[in-house]
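The file coords_17.cif comes next; it holds mmCIF, C-alpha atoms.
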data_query
#
loop_
_atom_site.label_atom_id
_atom_site.label_comp_id
_atom_site.auth_asym_id
_atom_site.auth_seq_id
_atom_site.Cartn_x
_atom_site.Cartn_y
_atom_site.Cartn_z
CA MET A 1 -19.38 61.46 19.83
CA ASN A 2 -17.64 64.36 18.05
CA PHE A 3 -20.30 66.81 16.82
CA CYS A 4 -23.46 68.36 18.29
CA SER A 5 -26.48 66.54 16.83
CA HIS A 6 -28.53 69.71 17.33
CA CYS A 7 -26.36 72.45 15.75
CA GLY A 8 -23.40 70.58 14.18
CA ALA A 9 -20.63 72.33 16.19
CA GLY A 10 -17.70 70.38 17.64
CA LEU A 11 -18.28 68.92 21.12
CA THR A 12 -16.09 69.11 24.20
CA GLN A 13 -16.14 66.69 27.11
CA ARG A 14 -16.38 68.32 30.55
CA ILE A 15 -18.35 68.34 33.80
CA PRO A 16 -21.29 70.76 33.40
CA ALA A 17 -22.16 73.15 36.25
CA GLY A 18 -24.18 71.32 38.92
CA ASP A 19 -23.20 67.91 37.55
CA ASP A 20 -20.61 65.45 38.86
CA ARG A 21 -19.42 63.58 35.78
CA PRO A 22 -18.07 64.44 32.30
CA ARG A 23 -20.64 64.91 29.52
CA PHE A 24 -20.40 65.81 25.85
CA VAL A 25 -21.30 69.50 25.82
CA CYS A 26 -21.87 71.90 22.92
CA ASP A 27 -20.30 75.29 23.58
CA GLN A 28 -22.24 76.83 20.69
CA CYS A 29 -25.89 75.89 21.47
CA HIS A 30 -25.24 74.67 25.07
CA THR A 31 -26.92 71.29 24.55
CA ILE A 32 -25.67 68.59 26.95
CA HIS A 33 -25.63 65.18 25.27
CA TYR A 34 -26.36 62.61 27.97
CA GLN A 35 -25.59 58.94 27.33
CA ASN A 36 -27.59 56.35 29.24
CA PRO A 37 -27.87 52.55 29.41
CA ARG A 38 -30.09 50.80 26.91
CA MET A 39 -32.66 48.21 27.77
CA VAL A 40 -32.74 44.78 26.14
CA VAL A 41 -36.03 42.87 26.40
CA GLY A 42 -36.51 39.21 25.58
CA THR A 43 -38.28 35.96 26.41
CA ILE A 44 -37.88 32.38 27.54
CA PRO A 45 -40.52 30.78 25.25
CA GLU A 46 -41.88 27.55 26.77
CA TRP A 47 -43.50 24.57 25.05
CA GLU A 48 -44.33 21.69 27.38
CA ASP A 49 -40.97 20.77 28.96
CA ARG A 50 -38.96 22.46 26.23
CA ILE A 51 -37.78 26.04 25.68
CA LEU A 52 -37.03 27.84 22.43
CA LEU A 53 -33.57 28.97 21.40
CA CYS A 54 -32.41 30.76 18.23
CA ARG A 55 -29.07 30.24 16.50
CA ARG A 56 -27.74 33.68 15.60
CA ALA A 57 -27.31 34.60 11.93
CA ILE A 58 -25.59 37.89 12.77
CA GLU A 59 -22.59 39.18 14.68
CA PRO A 60 -21.71 39.29 17.49
CA ARG A 61 -21.59 35.54 18.16
CA ALA A 62 -23.02 34.39 14.82
CA GLY A 63 -23.70 30.63 14.88
CA ARG A 64 -24.26 30.53 18.63
CA TRP A 65 -27.53 29.92 20.49
CA THR A 66 -29.50 32.61 22.28
CA LEU A 67 -32.91 33.53 23.67
CA PRO A 68 -34.99 35.95 21.54
CA ALA A 69 -34.09 39.47 22.75
CA GLY A 70 -33.24 42.92 21.49
CA TYR A 71 -33.28 46.64 22.22
CA LEU A 72 -36.49 48.18 23.52
CA GLU A 73 -37.76 50.82 21.07
CA ASN A 74 -39.10 54.30 21.83
CA GLY A 75 -42.87 54.32 22.35
CA GLU A 76 -42.95 50.60 23.14
CA THR A 77 -43.74 48.82 26.42
CA MET A 78 -41.28 46.21 27.72
CA ILE A 79 -43.72 43.35 27.20
CA ASP A 80 -44.54 44.49 23.66
CA GLY A 81 -40.83 44.75 22.87
CA ALA A 82 -40.21 41.23 24.16
CA ARG A 83 -43.08 39.88 22.04
CA ARG A 84 -41.81 41.78 18.98
CA GLU A 85 -38.29 40.37 19.32
CA THR A 86 -39.67 36.83 19.69
CA LEU A 87 -41.77 37.31 16.58
CA GLU A 88 -38.87 38.80 14.60
CA GLU A 89 -36.26 36.23 15.57
CA ALA A 90 -38.34 33.05 15.86
CA ARG A 91 -41.66 33.87 14.11
CA ALA A 92 -43.23 32.74 17.37
CA THR A 93 -46.06 34.21 19.48
CA LEU A 94 -46.53 33.87 23.20
CA ASN A 95 -49.35 33.71 25.71
CA ASP A 96 -49.12 35.48 29.09
CA LEU A 97 -45.64 36.68 29.95
CA THR A 98 -44.19 37.06 33.46
CA PRO A 99 -41.03 39.03 34.31
CA PHE A 100 -38.36 36.47 35.20
CA ALA A 101 -34.95 38.20 35.31
CA LEU A 102 -33.78 41.81 35.48
CA PHE A 103 -30.01 42.00 35.09
CA ASP A 104 -27.46 44.80 35.12
CA LEU A 105 -24.67 44.62 32.52
CA PRO A 106 -22.80 47.80 33.49
CA PHE A 107 -19.68 46.86 31.47
CA ILE A 108 -21.69 47.34 28.25
CA ASN A 109 -24.28 49.86 29.55
CA GLN A 110 -27.20 47.48 29.18
CA ILE A 111 -30.14 46.31 31.28
CA TYR A 112 -31.69 42.94 30.40
CA LEU A 113 -35.31 42.16 31.21
CA MET A 114 -36.30 38.57 30.36
CA PHE A 115 -39.89 37.37 30.52
CA ARG A 116 -41.01 33.75 30.57
CA GLY A 117 -44.23 32.38 29.10
CA PRO A 118 -45.81 29.63 27.02
CA LEU A 119 -45.75 29.62 23.23
CA ARG A 120 -49.17 29.75 21.55
CA THR A 121 -48.13 26.91 19.24
CA ALA A 122 -44.94 24.93 18.69
CA ASP A 123 -44.82 26.50 15.24
CA CYS A 124 -41.63 28.58 14.94
CA HIS A 125 -39.25 29.44 12.12
CA PRO A 126 -36.03 31.42 11.88
CA GLY A 127 -36.47 35.16 11.25
CA GLU A 128 -33.89 37.20 9.37
CA GLU A 129 -31.48 37.36 12.32
CA SER A 130 -31.61 33.61 13.03
CA LEU A 131 -30.09 30.63 11.21
CA GLU A 132 -32.19 28.09 13.06
CA VAL A 133 -34.86 27.94 15.78
CA ARG A 134 -35.35 24.87 17.92
CA LEU A 135 -37.10 23.64 21.08
CA PHE A 136 -34.72 22.11 23.63
CA ARG A 137 -35.27 19.91 26.67
CA GLU A 138 -33.09 20.86 29.65
CA ASP A 139 -30.69 17.95 29.05
CA ALA A 140 -30.17 19.02 25.42
CA ILE A 141 -29.36 22.73 25.99
CA PRO A 142 -26.14 23.52 24.06
CA TRP A 143 -24.40 25.06 27.11
CA ASP A 144 -21.04 25.32 25.34
CA GLU A 145 -22.51 27.04 22.32
CA LEU A 146 -24.52 29.81 24.02
CA ALA A 147 -23.97 33.32 22.63
CA PHE A 148 -23.83 35.42 25.82
CA VAL A 149 -23.14 35.08 29.55
CA VAL A 150 -26.52 36.69 30.29
CA VAL A 151 -28.26 33.91 28.35
CA ARG A 152 -26.42 31.23 30.32
CA GLU A 153 -27.26 32.97 33.61
CA THR A 154 -30.94 33.28 32.64
CA LEU A 155 -31.21 29.62 31.63
CA GLU A 156 -29.38 28.32 34.72
CA ARG A 157 -31.74 30.24 37.01
CA TYR A 158 -34.77 29.21 34.95
CA PHE A 159 -34.07 25.48 35.18
CA SER A 160 -33.13 25.79 38.85
CA ASP A 161 -36.48 27.48 39.60
CA ARG A 162 -38.36 24.96 37.48
CA THR A 163 -36.75 22.09 39.41
CA GLU A 164 -37.75 23.75 42.70
CA GLY A 165 -41.28 24.12 41.39
CA ARG A 166 -41.47 27.89 41.91
CA PHE A 167 -40.43 30.86 39.81
CA ARG A 168 -39.33 34.15 41.35
CA LEU A 169 -37.94 37.43 39.97
CA HIS A 170 -34.17 37.21 39.60
CA THR A 171 -31.91 40.24 39.79
CA GLY A 172 -28.15 40.58 39.69
CA THR A 173 -25.14 41.96 37.90
CA ILE A 174 -23.60 40.12 34.97
CA VAL A 175 -19.82 40.38 34.70
CA PRO A 176 -17.98 40.12 31.38
CA PRO A 177 -16.74 36.67 30.38
CA PRO A 178 -12.96 36.07 30.79
CA GLU A 179 -12.40 36.15 27.00
CA ALA A 180 -14.02 39.60 26.80
CA ILE A 181 -11.70 40.93 29.50
CA HIS A 182 -8.76 39.40 27.68
CA HIS A 183 -9.97 40.93 24.43
CA ARG A 184 -10.25 44.38 26.01
CA LYS A 185 -6.75 44.19 27.44
CA ALA A 186 -5.26 43.00 24.14
CA MET B 1 -31.53 65.47 15.83
CA ASN B 2 -30.12 67.34 12.82
CA PHE B 3 -26.42 66.46 12.46
CA CYS B 4 -24.34 63.28 12.65
CA SER B 5 -22.59 63.17 16.04
CA HIS B 6 -19.83 61.07 14.45
CA CYS B 7 -18.89 63.06 11.30
CA GLY B 8 -20.98 66.27 11.52
CA ALA B 9 -22.89 65.80 8.21
CA GLY B 10 -26.61 66.53 7.99
CA LEU B 11 -28.93 63.63 8.90
CA THR B 12 -31.90 62.26 7.01
CA GLN B 13 -34.75 60.27 8.53
CA ARG B 14 -35.58 57.03 6.70
CA ILE B 15 -36.05 53.29 7.20
CA PRO B 16 -32.64 51.59 6.87
CA ALA B 17 -32.34 48.34 4.87
CA GLY B 18 -33.47 45.38 7.01
CA ASP B 19 -35.21 47.66 9.51
CA ASP B 20 -38.91 48.43 9.91
CA ARG B 21 -39.01 51.94 11.34
CA PRO B 22 -37.54 55.38 10.52
CA ARG B 23 -34.13 56.21 12.00
CA PHE B 24 -31.80 59.19 11.78
CA VAL B 25 -29.21 58.04 9.22
CA CYS B 26 -25.96 59.69 8.07
CA ASP B 27 -25.51 59.37 4.31
CA GLN B 28 -21.86 60.40 4.61
CA CYS B 29 -20.45 57.98 7.23
CA HIS B 30 -23.48 55.60 7.24
CA THR B 31 -23.94 55.72 11.03
CA ILE B 32 -27.49 54.93 12.16
CA HIS B 33 -28.45 56.95 15.23
CA TYR B 34 -30.83 54.81 17.26
CA GLN B 35 -32.95 56.40 19.98
CA ASN B 36 -34.09 54.23 22.86
CA PRO B 37 -36.04 54.62 26.09
CA ARG B 38 -34.20 55.79 29.17
CA MET B 39 -34.43 54.18 32.55
CA VAL B 40 -35.33 56.09 35.71
CA VAL B 41 -34.39 54.45 39.02
CA GLY B 42 -35.62 55.50 42.44
CA THR B 43 -36.66 54.47 45.91
CA ILE B 44 -39.45 54.40 48.46
CA PRO B 45 -37.39 55.15 51.61
CA GLU B 46 -39.08 53.74 54.73
CA TRP B 47 -38.71 54.82 58.37
CA GLU B 48 -40.99 52.97 60.79
CA ASP B 49 -44.51 53.64 59.43
CA ARG B 50 -43.41 56.69 57.42
CA ILE B 51 -41.94 57.13 53.95
CA LEU B 52 -39.69 59.87 52.63
CA LEU B 53 -40.77 62.38 50.00
CA CYS B 54 -38.84 65.29 48.46
CA ARG B 55 -40.34 68.61 47.40
CA ARG B 56 -38.86 69.44 44.00
CA ALA B 57 -36.64 72.52 43.65
CA ILE B 58 -36.43 72.17 39.86
CA GLU B 59 -38.71 72.00 36.83
CA PRO B 60 -40.73 70.14 35.79
CA ARG B 61 -43.20 70.32 38.69
CA ALA B 62 -41.10 72.50 41.00
CA GLY B 63 -42.72 72.77 44.44
CA ARG B 64 -44.45 69.40 44.18
CA TRP B 65 -43.66 66.22 46.12
CA THR B 66 -41.90 63.20 44.66
CA LEU B 67 -39.95 60.05 45.50
CA PRO B 68 -36.17 60.24 45.00
CA ALA B 69 -35.50 59.10 41.40
CA GLY B 70 -33.49 59.97 38.32
CA TYR B 71 -31.85 58.68 35.16
CA LEU B 72 -29.66 55.60 35.39
CA GLU B 73 -26.09 56.44 34.34
CA ASN B 74 -23.77 54.48 32.07
CA GLY B 75 -21.60 52.01 33.99
CA GLU B 76 -23.98 51.99 36.95
CA THR B 77 -26.20 49.20 38.29
CA MET B 78 -29.90 49.92 38.87
CA ILE B 79 -29.59 49.56 42.64
CA ASP B 80 -26.52 51.82 42.76
CA GLY B 81 -28.36 54.41 40.67
CA ALA B 82 -31.36 54.32 43.01
CA ARG B 83 -29.07 54.76 46.05
CA ARG B 84 -27.22 57.62 44.35
CA GLU B 85 -30.43 59.49 43.54
CA THR B 86 -31.65 59.09 47.13
CA LEU B 87 -28.36 60.42 48.42
CA GLU B 88 -28.36 63.34 45.96
CA GLU B 89 -31.96 64.41 46.51
CA ALA B 90 -32.48 63.62 50.19
CA ARG B 91 -28.95 63.12 51.62
CA ALA B 92 -30.32 59.79 52.82
CA THR B 93 -28.84 56.28 52.79
CA LEU B 94 -30.74 53.02 52.67
CA ASN B 95 -30.35 49.46 53.89
CA ASP B 96 -31.38 46.49 51.71
CA LEU B 97 -33.44 47.45 48.69
CA THR B 98 -36.08 45.28 47.00
CA PRO B 99 -37.50 45.93 43.50
CA PHE B 100 -41.08 47.10 44.00
CA ALA B 101 -42.40 48.53 40.72
CA LEU B 102 -41.31 48.37 37.09
CA PHE B 103 -43.43 50.70 34.96
CA ASP B 104 -43.58 51.55 31.27
CA LEU B 105 -44.08 55.21 30.36
CA PRO B 106 -44.10 54.85 26.57
CA PHE B 107 -45.52 58.36 26.00
CA ILE B 108 -42.23 59.84 27.24
CA ASN B 109 -39.89 56.93 26.35
CA GLN B 110 -39.10 56.08 29.96
CA ILE B 111 -38.97 52.99 32.15
CA TYR B 112 -39.30 53.48 35.91
CA LEU B 113 -37.83 51.00 38.38
CA MET B 114 -38.67 51.81 41.99
CA PHE B 115 -37.08 49.95 44.91
CA ARG B 116 -38.34 49.97 48.50
CA GLY B 117 -36.21 49.69 51.61
CA PRO B 118 -35.55 51.03 55.11
CA LEU B 119 -33.54 54.19 55.74
CA ARG B 120 -30.36 53.71 57.78
CA THR B 121 -31.30 56.69 59.95
CA ALA B 122 -34.14 59.22 59.98
CA ASP B 123 -31.50 61.83 59.22
CA CYS B 124 -32.28 63.42 55.84
CA HIS B 125 -31.82 66.87 54.32
CA PRO B 126 -32.70 68.44 50.99
CA GLY B 127 -30.07 68.03 48.26
CA GLU B 128 -29.61 70.62 45.51
CA GLU B 129 -32.66 69.46 43.56
CA SER B 130 -34.99 69.47 46.60
CA LEU B 131 -36.60 72.33 48.55
CA GLU B 132 -37.62 70.13 51.44
CA VAL B 133 -37.44 66.48 52.53
CA ARG B 134 -39.95 65.02 54.96
CA LEU B 135 -41.19 61.69 56.37
CA PHE B 136 -44.94 61.15 55.88
CA ARG B 137 -47.42 58.76 57.46
CA GLU B 138 -49.92 57.30 54.98
CA ASP B 139 -52.71 59.62 56.18
CA ALA B 140 -50.50 62.69 55.65
CA ILE B 141 -49.34 61.99 52.07
CA PRO B 142 -49.94 65.18 50.01
CA TRP B 143 -51.87 63.34 47.27
CA ASP B 144 -52.96 66.55 45.55
CA GLU B 145 -49.44 67.92 45.44
CA LEU B 146 -47.57 64.96 43.96
CA ALA B 147 -45.28 65.76 41.02
CA PHE B 148 -45.96 62.83 38.66
CA VAL B 149 -48.60 60.20 37.91
CA VAL B 150 -45.96 57.48 38.27
CA VAL B 151 -45.28 58.63 41.85
CA ARG B 152 -48.99 58.49 42.72
CA GLU B 153 -49.29 55.02 41.17
CA THR B 154 -46.22 53.78 43.06
CA LEU B 155 -47.47 55.13 46.40
CA GLU B 156 -51.03 53.79 45.95
CA ARG B 157 -49.69 50.30 45.23
CA TYR B 158 -47.20 50.55 48.08
CA PHE B 159 -49.78 51.41 50.74
CA SER B 160 -52.21 48.85 49.34
CA ASP B 161 -49.54 46.11 49.63
CA ARG B 162 -48.56 47.29 53.10
CA THR B 163 -52.18 47.10 54.24
CA GLU B 164 -52.42 43.57 52.87
CA GLY B 165 -49.21 42.68 54.69
CA ARG B 166 -47.35 41.46 51.61
CA PHE B 167 -45.27 43.19 48.95
CA ARG B 168 -45.04 41.94 45.37
CA LEU B 169 -43.43 43.23 42.17
CA HIS B 170 -45.77 45.60 40.37
CA THR B 171 -45.70 46.12 36.61
CA GLY B 172 -47.89 48.16 34.31
CA THR B 173 -48.12 51.02 31.87
CA ILE B 174 -48.53 54.58 33.05
CA VAL B 175 -50.67 56.81 30.85
CA PRO B 176 -50.19 60.57 30.65
CA PRO B 177 -52.32 62.68 33.00
CA PRO B 178 -55.30 64.49 31.40
CA GLU B 179 -53.61 67.89 31.67
CA ALA B 180 -50.60 66.54 29.74
CA ILE B 181 -52.87 65.31 26.94
CA HIS B 182 -54.60 68.68 26.93
CA HIS B 183 -51.23 70.41 26.84
CA ARG B 184 -50.09 68.31 23.89
CA LYS B 185 -53.24 69.08 21.94
CA ALA B 186 -52.99 72.81 22.67
#
Would it be possible to restate this file's structure as structure tokens?
Amino acid sequence: MNFCSHCGAGLTQRIPAGDDRPRFVCDQCHTIHYQNPRMVVGTIPEWEDRILLCRRAIEPRAGRWTLPAGYLENGETMIDGARRETLEEARATLNDLTPFALFDLPFINQIYLMFRGPLRTADCHPGEESLEVRLFREDAIPWDELAFVVVRETLERYFSDRTEGRFRLHTGTIVPPPEAIHHRKA
Amino acid sequence: MNFCSHCGAGLTQRIPAGDDRPRFVCDQCHTIHYQNPRMVVGTIPEWEDRILLCRRAIEPRAGRWTLPAGYLENGETMIDGARRETLEEARATLNDLTPFALFDLPFINQIYLMFRGPLRTADCHPGEESLEVRLFREDAIPWDELAFVVVRETLERYFSDRTEGRFRLHTGTIVPPPEAIHHRKA
């Protein structure tokens, strides 16, 4: 962030009066440009004893498997965003959705909210951001080819709850994978 | 949003290739400036049969009563943000927190996550953004002087759950109050 999006002047980074952390501030029009975490919404689409995964067509982690999810848009509810992402990435529609996991990812300034719910039909096809869409039984989940730690964490908790026969709301903080830490240090 | 925060060029609003909605796009450096909902985190601080409210010292709704809450910051977890806001606005600290309500406010591009949990002590004092901080029994809640619809909704559901003797996670969409609609039309 270099220039004021309101007036175009150069920005400086400092702690505004009454605040306690550095912000990008415009000394010309006095706008303070706050930066806040973004929310990712997605689903665990269920069909009988199988769940839907998408193989990513885009970076990061192209070629790896993920749950349908993406950034919540302005003017959109969380449940509508989760349905939209599932439609975009897997051309799939869902019946009633229930919040399943709400995770903090502070290392990348993201919040993940994952819903679970049954597919309307088993009919699904890759959208533009997916190479492939498939329904997996628990014993066929490609654990070593998942795209993100948050997807692994969501799936582990999902199958654990399913085995116990009761689903609850999961919360927690996701930490970066070792390779990401290594990558940052390099 | 008028200028590119990356290179300072003027922005145009159009639908980028592969997208389905208008974005602010820089034709000089090709940055797309996405705008996403912001998350507000807060608490229902409990002390015996009373809960804590703050009377707002700042606009909007100065002089009205609210629960401690504010924008989640980058690098912060939701629970840490909720504790920070409670400390800032009511100089109060809390024991274990449980997610209580997760609301969509699509008309102002906000998500509210409210936790509930017991205060460590009844000791609380107004922070810089509060005129007054007080513990209220249910029958003393100043319903007609609450600051926001989302606060009323949260408190109604809280006392209803408490009466039933069980708390659950509440979700839903908050609609703007009639006066806000009127104000927008005016």
Starting from 8 Å padding per side, set up an axis-aligned box that covers all listed atoms of stretch 83-99 of chain B and hand over centre and edge lengths in Å, one decimal, as JSON.
{"center_x": -32.4, "center_y": 54.8, "center_z": 48.7, "size_x": 26.3, "size_y": 35.1, "size_z": 26.4}
TODO: Apply the PyMOL selection byres ((chain B) within 7 of (chain A)) to the displayed file and report the matching residues as a ChimeraX atom specification.
DONE: /B:1-8,35-38,72-78,104,106-107,109
TODO: Rounded to one decimal place, report the atom CA of B:Trp47-atom CA of B:His125 distance in Å.
DONE: 14.5 Å
TODO: Figure out the distance between atom CA of B:Ala92 and atom CA of B:Leu53, please, to one decimal in Å.
DONE: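 Atom CA of B:Ala92 lies 11.1 Å from atom CA of B:Leu53.
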Task: Residue contacts of B:Leu87 (10 Å, all atoms listed in the file) excluding same-chain residues fewer than 3 positions away, as JSON, numbers by chain - done: {"B": [68, 81, 82, 83, 84, 90, 91, 92, 93, 94, 124, 125, 126, 127]}
- [ ] Taking the file as shown, find all residues satisfying the PyMOL selection byres ((chain A and resi 65) around 7) and write them as a list in words.
- [x]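 Taken over the shown coordinates, the PyMOL selection byres ((chain A and resi 65) around 7) returns Leu53, Cys54, Arg55, Arg56, Gly63, Arg64, Thr66, Glu145, Leu146 and Ala147 of chain A.
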Task: Separation of atom CA of A:Val175 from atom CA of B:Ile32 in Å - done: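 Interatomic distance, atom CA of B:Ile32 to atom CA of A:Val175: 27.9 Å.
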- [ ] Identify which of the residues A:Glu48, A:Glu59, A:Glu89, A:Asp20 lies closest to A:Leu135, counting all atoms listed in the file when measuring atom-to-atom distances.
- [x]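 Checking each of A:Glu48, A:Glu59, A:Glu89, A:Asp20 against A:Leu135, counting all atoms listed in the file, the winner is A:Glu48.
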TODO: Starting from the displayed file, determine the output of the PyMOL selection byres ((chain B and resi 69) around 8) and express the residue list as an MDAnalysis selection string.
DONE: chainID B and resid 40:43 67:68 70:71 82 85:86 114
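When only C-alpha atoms are used to compute distances to A:Leu155, the closest of the residues A:Ile51, A:Ala62, A:Asn95, A:Ile174 turns out to be A:Ile51.
If you measure from each of A:Phe100, A:Phe24, A:Phe136, A:Tyr112 to A:Leu52 using all atoms listed in the file, the closest one turns out to be A:Phe136.
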Task: Option closest in space to A:Arg50, from A:Leu113, A:Ala122, A:Leu131, A:Val151 [counting all atoms listed in the file] - done: A:Ala122
Task: Using only C-alpha atoms: which of A:Pro22, A:Arg61, A:Pro177, A:Glu46 has the shortest distance to A:Val149 - done: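 For A:Val149, the nearest of the candidates is A:Pro177.
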